[in-house]
$ cat target_36.pdb   # PDB, C-alpha atoms, pLDDT in the B column
MODEL        1
ATOM      1  CA  MET A1253      16.845   4.156  -3.129  1.00 52.00           C
ATOM      2  CA  SER A1254      20.288   4.582  -1.698  1.00 71.00           C
ATOM      3  CA  ALA A1255      21.786   2.294   0.891  1.00 81.00           C
ATOM      4  CA  ASP A1256      21.989   5.303   3.220  1.00 82.00           C
ATOM      5  CA  ALA A1257      18.224   5.824   3.085  1.00 79.00           C
ATOM      6  CA  ILE A1258      17.565   2.144   3.813  1.00 82.00           C
ATOM      7  CA  GLN A1259      20.015   2.363   6.704  1.00 85.00           C
ATOM      8  CA  HIS A1260      18.204   5.432   8.096  1.00 84.00           C
ATOM      9  CA  ILE A1261      14.833   3.665   7.966  1.00 87.00           C
ATOM     10  CA  GLN A1262      16.314   0.612   9.674  1.00 85.00           C
ATOM     11  CA  LEU A1263      17.835   2.863  12.340  1.00 85.00           C
ATOM     12  CA  ALA A1264      14.465   4.513  12.942  1.00 81.00           C
ATOM     13  CA  LEU A1265      12.822   1.102  13.255  1.00 83.00           C
ATOM     14  CA  GLY A1266      15.512   0.030  15.702  1.00 83.00           C
ATOM     15  CA  MET A1267      14.625   2.967  17.933  1.00 81.00           C
ATOM     16  CA  ALA A1268      11.016   1.808  18.295  1.00 76.00           C
ATOM     17  CA  THR A1269       9.996   0.516  21.702  1.00 76.00           C
ATOM     18  CA  PRO A1270      10.418  -3.278  21.745  1.00 76.00           C
ATOM     19  CA  ASN A1271       7.250  -5.325  22.318  1.00 77.00           C
ATOM     20  CA  ALA A1272       5.062  -2.218  22.092  1.00 80.00           C
ATOM     21  CA  PRO A1273       2.251  -2.082  19.544  1.00 86.00           C
ATOM     22  CA  LEU A1274       3.435  -0.698  16.228  1.00 92.00           C
ATOM     23  CA  THR A1275       2.787   2.971  15.619  1.00 93.00           C
ATOM     24  CA  THR A1276       1.570   4.291  12.302  1.00 95.00           C
ATOM     25  CA  LEU A1277       5.045   5.672  11.684  1.00 94.00           C
ATOM     26  CA  SER A1278       6.646   2.274  12.336  1.00 94.00           C
ATOM     27  CA  ARG A1279       4.183   0.599   9.975  1.00 96.00           C
ATOM     28  CA  LEU A1280       4.944   3.174   7.287  1.00 96.00           C
ATOM     29  CA  ALA A1281       8.676   2.634   7.780  1.00 95.00           C
ATOM     30  CA  LEU A1282       8.298  -1.154   7.491  1.00 96.00           C
ATOM     31  CA  ILE A1283       6.163  -0.998   4.354  1.00 97.00           C
ATOM     32  CA  SER A1284       8.435   1.626   2.789  1.00 94.00           C
ATOM     33  CA  LEU A1285      11.413  -0.605   3.440  1.00 94.00           C
ATOM     34  CA  ALA A1286       9.540  -3.463   1.760  1.00 96.00           C
ATOM     35  CA  VAL A1287       8.860  -1.304  -1.309  1.00 94.00           C
ATOM     36  CA  PHE A1288      12.491  -0.237  -1.565  1.00 90.00           C
ATOM     37  CA  LYS A1289      13.787  -3.770  -1.084  1.00 91.00           C
ATOM     38  CA  THR A1290      11.386  -5.421  -3.560  1.00 92.00           C
ATOM     39  CA  ALA A1291      13.793  -5.184  -6.491  1.00 83.00           C
ATOM     40  CA  HIS A1292      16.978  -6.229  -4.711  1.00 84.00           C
ATOM     41  CA  TYR A1293      16.125  -8.592  -1.870  1.00 83.00           C
ATOM     42  CA  ALA A1294      14.618 -12.061  -1.532  1.00 86.00           C
ATOM     43  CA  ALA A1295      10.832 -12.146  -1.747  1.00 89.00           C
ATOM     44  CA  ALA A1296      10.627 -13.896   1.647  1.00 91.00           C
ATOM     45  CA  HIS A1297      12.515 -11.031   3.327  1.00 92.00           C
ATOM     46  CA  VAL A1298      10.255  -8.448   1.717  1.00 96.00           C
ATOM     47  CA  GLU A1299       7.147 -10.444   2.638  1.00 96.00           C
ATOM     48  CA  THR A1300       8.260 -10.507   6.268  1.00 96.00           C
ATOM     49  CA  LEU A1301       8.375  -6.700   6.261  1.00 96.00           C
ATOM     50  CA  VAL A1302       4.894  -6.500   4.708  1.00 98.00           C
ATOM     51  CA  THR A1303       3.505  -8.991   7.212  1.00 97.00           C
ATOM     52  CA  GLN A1304       4.971  -6.976  10.085  1.00 96.00           C
ATOM     53  CA  ALA A1305       3.512  -3.741   8.711  1.00 97.00           C
ATOM     54  CA  LEU A1306       0.024  -5.250   8.391  1.00 98.00           C
ATOM     55  CA  GLN A1307       0.045  -7.284  11.614  1.00 96.00           C
ATOM     56  CA  ASP A1308      -2.863  -6.310  13.898  1.00 96.00           C
ATOM     57  CA  ILE A1309      -3.368  -3.069  11.961  1.00 97.00           C
ATOM     58  CA  GLU A1310      -7.106  -3.146  12.690  1.00 95.00           C
ATOM     59  CA  ALA A1311      -6.532  -3.458  16.454  1.00 94.00           C
ATOM     60  CA  GLY A1312      -4.950  -0.064  17.025  1.00 91.00           C
ATOM     61  CA  PRO A1313      -6.342   3.422  16.750  1.00 95.00           C
ATOM     62  CA  TYR A1314      -7.211   4.464  13.217  1.00 97.00           C
ATOM     63  CA  GLU A1315      -5.182   7.087  11.386  1.00 97.00           C
ATOM     64  CA  GLU A1316      -5.688   7.893   7.709  1.00 97.00           C
ATOM     65  CA  ASN A1317      -2.009   7.244   6.977  1.00 98.00           C
ATOM     66  CA  LEU A1318      -2.644   3.573   7.728  1.00 98.00           C
ATOM     67  CA  ASN A1319      -4.473   3.438   4.377  1.00 98.00           C
ATOM     68  CA  ILE A1320      -1.054   3.916   2.755  1.00 98.00           C
ATOM     69  CA  VAL A1321       0.169   0.655   4.297  1.00 98.00           C
ATOM     70  CA  TYR A1322      -2.486  -1.334   2.454  1.00 98.00           C
ATOM     71  CA  TYR A1323      -1.823   0.421  -0.840  1.00 98.00           C
ATOM     72  CA  LEU A1324       1.923  -0.167  -0.617  1.00 98.00           C
ATOM     73  CA  ALA A1325       1.358  -3.786   0.445  1.00 98.00           C
ATOM     74  CA  GLY A1326      -0.671  -4.217  -2.746  1.00 98.00           C
ATOM     75  CA  LEU A1327       2.046  -2.497  -4.768  1.00 98.00           C
ATOM     76  CA  VAL A1328       4.707  -4.839  -3.336  1.00 97.00           C
ATOM     77  CA  ALA A1329       2.635  -7.879  -4.318  1.00 98.00           C
ATOM     78  CA  TYR A1330       2.114  -6.385  -7.788  1.00 97.00           C
ATOM     79  CA  GLN A1331       5.846  -5.811  -8.203  1.00 96.00           C
ATOM     80  CA  GLN A1332       6.508  -9.376  -7.077  1.00 96.00           C
ATOM     81  CA  HIS A1333       4.127 -10.674  -9.770  1.00 96.00           C
ATOM     82  CA  ALA A1334       1.503 -11.869  -7.296  1.00 97.00           C
ATOM     83  CA  PRO A1335      -1.664 -10.308  -8.745  1.00 98.00           C
ATOM     84  CA  GLU A1336      -4.153 -12.232  -6.600  1.00 98.00           C
ATOM     85  CA  LEU A1337      -2.335 -11.219  -3.421  1.00 98.00           C
ATOM     86  CA  ALA A1338      -2.179  -7.629  -4.664  1.00 98.00           C
ATOM     87  CA  MET A1339      -5.937  -7.613  -5.303  1.00 98.00           C
ATOM     88  CA  ASN A1340      -6.626  -9.088  -1.860  1.00 98.00           C
ATOM     89  CA  ARG A1341      -4.494  -6.459  -0.134  1.00 98.00           C
ATOM     90  CA  LEU A1342      -6.013  -3.605  -2.110  1.00 98.00           C
ATOM     91  CA  THR A1343      -9.542  -4.867  -1.477  1.00 98.00           C
ATOM     92  CA  ALA A1344      -8.754  -5.151   2.241  1.00 98.00           C
ATOM     93  CA  GLY A1345      -7.368  -1.621   2.155  1.00 98.00           C
ATOM     94  CA  ILE A1346     -10.500  -0.269   0.504  1.00 98.00           C
ATOM     95  CA  ALA A1347     -12.647  -2.008   3.124  1.00 98.00           C
ATOM     96  CA  PHE A1348     -10.392  -0.672   5.903  1.00 98.00           C
ATOM     97  CA  ALA A1349     -10.573   2.906   4.638  1.00 98.00           C
ATOM     98  CA  THR A1350     -14.309   2.893   4.037  1.00 97.00           C
ATOM     99  CA  ALA A1351     -14.994   1.264   7.425  1.00 97.00           C
ATOM    100  CA  HIS A1352     -13.387   4.371   8.889  1.00 98.00           C
ATOM    101  CA  ASN A1353     -15.278   6.770   6.609  1.00 97.00           C
ATOM    102  CA  SER A1354     -12.090   7.692   4.786  1.00 97.00           C
ATOM    103  CA  HIS A1355     -11.505   8.270   1.098  1.00 96.00           C
ATOM    104  CA  TYR A1356      -7.744   8.743   1.453  1.00 97.00           C
ATOM    105  CA  MET A1357      -5.777   6.517  -0.958  1.00 97.00           C
ATOM    106  CA  LEU A1358      -8.904   5.050  -2.572  1.00 98.00           C
ATOM    107  CA  ALA A1359      -8.121   6.640  -5.946  1.00 97.00           C
ATOM    108  CA  ASN A1360      -4.684   5.022  -5.851  1.00 97.00           C
ATOM    109  CA  CYS A1361      -6.036   1.646  -4.744  1.00 98.00           C
ATOM    110  CA  TYR A1362      -8.579   1.634  -7.562  1.00 98.00           C
ATOM    111  CA  GLN A1363      -5.935   2.732 -10.086  1.00 98.00           C
ATOM    112  CA  LEU A1364      -3.728  -0.228  -9.161  1.00 98.00           C
ATOM    113  CA  LEU A1365      -6.753  -2.546  -9.252  1.00 98.00           C
ATOM    114  CA  ALA A1366      -7.459  -1.240 -12.768  1.00 98.00           C
ATOM    115  CA  GLN A1367      -3.879  -2.052 -13.789  1.00 97.00           C
ATOM    116  CA  LEU A1368      -4.173  -5.561 -12.347  1.00 98.00           C
ATOM    117  CA  ALA A1369      -7.447  -6.116 -14.200  1.00 98.00           C
ATOM    118  CA  LEU A1370      -5.917  -4.861 -17.460  1.00 97.00           C
ATOM    119  CA  GLU A1371      -3.029  -7.285 -17.103  1.00 97.00           C
ATOM    120  CA  ALA A1372      -5.535 -10.085 -16.456  1.00 97.00           C
ATOM    121  CA  ASN A1373      -7.394  -9.060 -19.643  1.00 98.00           C
ATOM    122  CA  ASP A1374     -10.520  -8.247 -17.640  1.00 98.00           C
ATOM    123  CA  THR A1375     -11.532  -5.060 -19.435  1.00 97.00           C
ATOM    124  CA  THR A1376     -14.840  -4.718 -17.574  1.00 98.00           C
ATOM    125  CA  ALA A1377     -13.184  -4.789 -14.143  1.00 98.00           C
ATOM    126  CA  ALA A1378     -10.417  -2.504 -15.401  1.00 98.00           C
ATOM    127  CA  GLN A1379     -12.980   0.022 -16.660  1.00 98.00           C
ATOM    128  CA  GLN A1380     -14.946  -0.070 -13.389  1.00 98.00           C
ATOM    129  CA  ALA A1381     -11.837   0.369 -11.242  1.00 98.00           C
ATOM    130  CA  SER A1382     -10.550   3.136 -13.487  1.00 97.00           C
ATOM    131  CA  GLU A1383     -13.883   4.970 -13.269  1.00 97.00           C
ATOM    132  CA  ARG A1384     -13.882   4.700  -9.466  1.00 97.00           C
ATOM    133  CA  SER A1385     -10.349   6.026  -9.350  1.00 97.00           C
ATOM    134  CA  ALA A1386     -11.371   8.960 -11.527  1.00 96.00           C
ATOM    135  CA  VAL A1387     -14.303   9.805  -9.261  1.00 96.00           C
ATOM    136  CA  PHE A1388     -12.068   9.943  -6.177  1.00 95.00           C
ATOM    137  CA  ARG A1389      -9.449  11.964  -8.055  1.00 95.00           C
ATOM    138  CA  GLU A1390     -12.070  14.450  -9.178  1.00 94.00           C
ATOM    139  CA  LEU A1391     -13.896  14.766  -5.866  1.00 95.00           C
ATOM    140  CA  PHE A1392     -10.930  14.876  -3.529  1.00 94.00           C
ATOM    141  CA  HIS A1393      -8.097  16.049  -5.816  1.00 91.00           C
ATOM    142  CA  GLU A1394      -5.993  13.069  -4.817  1.00 89.00           C
ATOM    143  CA  GLN A1395      -2.709  12.655  -6.652  1.00 90.00           C
ATOM    144  CA  VAL A1396      -2.652   9.225  -8.276  1.00 93.00           C
ATOM    145  CA  HIS A1397       0.468   7.212  -8.869  1.00 85.00           C
ATOM    146  CA  ASP A1398       0.108   5.347 -12.157  1.00 82.00           C
ATOM    147  CA  GLU A1399       3.608   4.048 -12.838  1.00 84.00           C
ATOM    148  CA  PHE A1400       3.810   0.687 -11.141  1.00 79.00           C
ATOM    149  CA  GLY A1401       6.960  -0.849 -12.598  1.00 64.00           C
TER     150      GLY A1401
ENDMDL
END
$ encode --input "target_36.pdb" --output "C-alpha coordinates"
Amino acid sequence: MSADAIQHIQLALGMATPNAPLTTLSRLALISLAVFKTAHYAAAHVETLVTQALQDIEAGPYEENLNIVYYLAGLVAYQQHAPELAMNRLTAGIAFATAHNSHYMLANCYQLLAQLALEANDTTAAQQASERSAVFRELFHEQVHDEFG
(Lines of atoms letter the chains of each structure in order from A and count residues from 1; the text may use other names and numbers.)
(Lines give C-alpha, C1' and ligand atoms only; values in the text may rest on other atoms or scores of the structure.)
Protein backbone atom coordinates (compact mmCIF):
# COMPACT_ATOMS: atom_id res chain seq x y z
CA MET A 1 0.00 0.00 0.00
CA SER A 2 1.27 3.44 -0.80
CA ALA A 3 2.20 5.99 1.81
CA ASP A 4 -0.54 8.22 0.38
CA ALA A 5 -3.22 5.63 1.13
CA ILE A 6 -1.97 5.18 4.70
CA GLN A 7 -1.97 8.96 5.08
CA HIS A 8 -5.58 9.15 3.83
CA ILE A 9 -6.73 6.50 6.32
CA GLN A 10 -4.93 8.31 9.14
CA LEU A 11 -6.56 11.57 8.06
CA ALA A 12 -9.99 9.93 8.10
CA LEU A 13 -9.32 8.55 11.58
CA GLY A 14 -8.22 11.99 12.73
CA MET A 15 -11.58 13.40 11.68
CA ALA A 16 -13.47 11.03 13.98
CA THR A 17 -15.16 12.59 16.98
CA PRO A 18 -12.79 12.37 19.97
CA ASN A 19 -14.00 10.33 22.95
CA ALA A 20 -17.05 9.11 21.02
CA PRO A 21 -17.65 5.38 20.62
CA LEU A 22 -15.95 4.01 17.53
CA THR A 23 -18.11 3.65 14.46
CA THR A 24 -17.94 0.63 12.21
CA LEU A 25 -16.13 2.75 9.65
CA SER A 26 -13.53 3.84 12.21
CA ARG A 27 -12.99 0.23 13.27
CA LEU A 28 -12.55 -0.81 9.64
CA ALA A 29 -10.07 2.01 9.09
CA LEU A 30 -8.05 1.01 12.17
CA ILE A 31 -7.92 -2.67 11.26
CA SER A 32 -7.10 -1.87 7.63
CA LEU A 33 -4.25 0.32 8.78
CA ALA A 34 -3.01 -2.56 10.94
CA VAL A 35 -3.09 -4.92 7.94
CA PHE A 36 -1.19 -2.47 5.76
CA LYS A 37 1.39 -1.74 8.45
CA THR A 38 2.01 -5.39 9.41
CA ALA A 39 4.95 -5.81 7.04
CA HIS A 40 6.70 -2.50 7.70
CA TYR A 41 6.01 -1.38 11.25
CA ALA A 42 6.79 -2.66 14.74
CA ALA A 43 4.48 -5.42 15.95
CA ALA A 44 3.58 -3.37 19.06
CA HIS A 45 2.35 -0.47 16.89
CA VAL A 46 0.26 -2.81 14.76
CA GLU A 47 -1.12 -4.56 17.85
CA THR A 48 -2.22 -1.20 19.25
CA LEU A 49 -4.27 -0.59 16.10
CA VAL A 50 -5.86 -4.06 16.34
CA THR A 51 -6.65 -3.56 20.02
CA GLN A 52 -8.30 -0.22 19.25
CA ALA A 53 -10.35 -1.75 16.44
CA LEU A 54 -11.62 -4.57 18.66
CA GLN A 55 -12.12 -2.54 21.84
CA ASP A 56 -15.73 -2.75 23.08
CA ILE A 57 -16.88 -4.03 19.68
CA GLU A 58 -19.65 -6.07 21.32
CA ALA A 59 -21.03 -3.03 23.17
CA GLY A 60 -22.18 -1.06 20.14
CA PRO A 61 -24.90 -1.72 17.62
CA TYR A 62 -24.24 -4.70 15.38
CA GLU A 63 -23.44 -4.25 11.70
CA GLU A 64 -22.34 -7.12 9.47
CA ASN A 65 -19.20 -5.22 8.45
CA LEU A 66 -17.95 -5.63 12.01
CA ASN A 67 -17.35 -9.30 11.13
CA ILE A 68 -14.55 -8.06 8.85
CA VAL A 69 -12.72 -6.57 11.85
CA TYR A 70 -12.40 -9.99 13.47
CA TYR A 71 -11.26 -11.65 10.26
CA LEU A 72 -8.60 -9.01 9.62
CA ALA A 73 -7.49 -9.15 13.26
CA GLY A 74 -6.94 -12.88 12.77
CA LEU A 75 -5.09 -12.23 9.51
CA VAL A 76 -2.78 -9.71 11.23
CA ALA A 77 -1.93 -12.26 13.93
CA TYR A 78 -1.33 -14.89 11.24
CA GLN A 79 1.00 -12.56 9.35
CA GLN A 80 2.84 -11.80 12.58
CA HIS A 81 3.40 -15.54 13.15
CA ALA A 82 1.09 -15.73 16.16
CA PRO A 83 -1.11 -18.71 15.23
CA GLU A 84 -2.76 -19.15 18.64
CA LEU A 85 -3.77 -15.49 18.72
CA ALA A 86 -5.03 -15.76 15.14
CA MET A 87 -7.16 -18.79 16.06
CA ASN A 88 -8.55 -17.00 19.12
CA ARG A 89 -9.52 -13.94 17.09
CA LEU A 90 -11.09 -15.99 14.32
CA THR A 91 -13.01 -18.13 16.81
CA ALA A 92 -14.24 -14.96 18.54
CA GLY A 93 -15.27 -13.58 15.17
CA ILE A 94 -17.22 -16.71 14.31
CA ALA A 95 -18.99 -16.55 17.67
CA PHE A 96 -19.69 -12.83 17.16
CA ALA A 97 -21.16 -13.36 13.69
CA THR A 98 -23.28 -16.34 14.64
CA ALA A 99 -24.55 -14.61 17.80
CA HIS A 100 -25.99 -12.03 15.43
CA ASN A 101 -27.40 -14.62 13.01
CA SER A 102 -24.90 -13.61 10.35
CA HIS A 103 -22.95 -15.77 7.94
CA TYR A 104 -20.94 -12.88 6.48
CA MET A 105 -17.18 -13.58 6.52
CA LEU A 106 -17.57 -17.08 7.98
CA ALA A 107 -16.22 -18.74 4.82
CA ASN A 108 -13.13 -16.55 5.06
CA CYS A 109 -12.69 -17.15 8.79
CA TYR A 110 -12.90 -20.91 8.30
CA GLN A 111 -10.49 -20.75 5.34
CA LEU A 112 -7.87 -19.00 7.47
CA LEU A 113 -8.50 -21.46 10.32
CA ALA A 114 -7.89 -24.28 7.81
CA GLN A 115 -4.58 -22.67 6.82
CA LEU A 116 -3.55 -22.34 10.47
CA ALA A 117 -4.43 -25.98 11.12
CA LEU A 118 -2.46 -27.09 8.05
CA GLU A 119 0.60 -25.20 9.25
CA ALA A 120 0.20 -26.85 12.67
CA ASN A 121 0.04 -30.26 10.93
CA ASP A 122 -3.47 -30.84 12.24
CA THR A 123 -4.99 -32.37 9.11
CA THR A 124 -8.30 -33.25 10.80
CA ALA A 125 -8.94 -29.67 11.94
CA ALA A 126 -7.76 -28.36 8.57
CA GLN A 127 -10.20 -30.66 6.75
CA GLN A 128 -13.11 -29.68 9.02
CA ALA A 129 -12.43 -25.95 8.66
CA SER A 130 -11.98 -26.29 4.91
CA GLU A 131 -15.29 -28.15 4.61
CA ARG A 132 -17.09 -25.47 6.63
CA SER A 133 -15.59 -22.78 4.44
CA ALA A 134 -16.78 -24.63 1.35
CA VAL A 135 -20.32 -24.89 2.69
CA PHE A 136 -20.52 -21.13 3.31
CA ARG A 137 -18.98 -20.40 -0.09
CA GLU A 138 -21.50 -22.65 -1.80
CA LEU A 139 -24.57 -21.48 0.11
CA PHE A 140 -23.89 -17.76 0.16
CA HIS A 141 -21.53 -17.30 -2.81
CA GLU A 142 -19.00 -15.57 -0.60
CA GLN A 143 -15.69 -14.69 -2.20
CA VAL A 144 -12.91 -16.30 -0.19
CA HIS A 145 -9.44 -14.88 0.15
CA ASP A 146 -6.95 -17.74 0.24
CA GLU A 147 -3.59 -16.02 -0.17
CA PHE A 148 -2.45 -15.14 3.31
CA GLY A 149 1.20 -14.24 2.85
$ resolve_selection --input "target_36.pdb" --expression "the PyMOL selection byres ((chain A and resi 1290-1303) around 12)" --output "PyMOL selection string"
chain A and resi 1253-1255+1258+1262+1265+1278-1289+1304-1309+1321-1334+1337-1338+1341+1401
$ closest_residue --input "target_36.pdb" --among "A:Thr1269, A:Thr1275, A:Gln1395, A:Gln1363" --to "Gln1380 of chain A" --atoms "all atoms listed in the file"
A:Gln1363
$ closest_atom_pairs --input "target_36.pdb" --of "segment 1322-1374 of chain A" --to "segment 1383-1391 of chain A" --cutoff "10 Å" --atoms "only C-alpha atoms" --output "JSON lines"
{"residue": "A:His1355", "atom": "CA", "partner": "A:Phe1388", "partner_atom": "CA", "distance": 7.5}
{"residue": "A:Tyr1356", "atom": "CA", "partner": "A:Phe1388", "partner_atom": "CA", "distance": 8.9}
{"residue": "A:Met1357", "atom": "CA", "partner": "A:Phe1388", "partner_atom": "CA", "distance": 8.9}
{"residue": "A:Leu1358", "atom": "CA", "partner": "A:Phe1388", "partner_atom": "CA", "distance": 6.9}
{"residue": "A:Ala1359", "atom": "CA", "partner": "A:Ser1385", "partner_atom": "CA", "distance": 4.1}
{"residue": "A:Asn1360", "atom": "CA", "partner": "A:Ser1385", "partner_atom": "CA", "distance": 6.7}
{"residue": "A:Cys1361", "atom": "CA", "partner": "A:Ser1385", "partner_atom": "CA", "distance": 7.7}
{"residue": "A:Tyr1362", "atom": "CA", "partner": "A:Ser1385", "partner_atom": "CA", "distance": 5.1}
{"residue": "A:Gln1363", "atom": "CA", "partner": "A:Ser1385", "partner_atom": "CA", "distance": 5.6}
{"residue": "A:Leu1364", "atom": "CA", "partner": "A:Ser1385", "partner_atom": "CA", "distance": 9.1}
{"residue": "A:Leu1365", "atom": "CA", "partner": "A:Ser1385", "partner_atom": "CA", "distance": 9.3}
{"residue": "A:Ala1366", "atom": "CA", "partner": "A:Ser1385", "partner_atom": "CA", "distance": 8.5}
$ atom_distance --input "target_36.pdb" --atom1 "atom CA of Thr1276 of chain A" --atom2 "atom CA of Ala1257 of chain A"
19.1 Å
$ atom_distance --input "target_36.pdb" --atom1 "atom CA of Ser1382 of chain A" --atom2 "atom CA of Tyr1314 of chain A"
26.9 Å
$ atom_distance --input "target_36.pdb" --atom1 "atom CA of Thr1376 of chain A" --atom2 "atom CA of Thr1350 of chain A"
22.9 Å
$ closest_residue --input "target_36.pdb" --among "A:Phe1392, A:Ile1346, A:Pro1335, A:His1352" --to "Glu1371 of chain A" --atoms "all atoms listed in the file"
A:Pro1335
$ axis_aligned_box --input "target_36.pdb" --around "segment 1387-1398 of chain A" --padding-each-side "8 Å" --output "lines of an AutoDock Vina configuration file"
center_x = -6.9
center_y = 10.7
center_z = -7.8
size_x = 30.8
size_y = 26.7
size_z = 24.6
$ closest_residue --input "target_36.pdb" --among "A:Glu1310, A:Glu1394, A:Glu1399, A:Glu1315" --to "Asn1353 of chain A" --atoms "only C-alpha atoms"
A:Glu1315
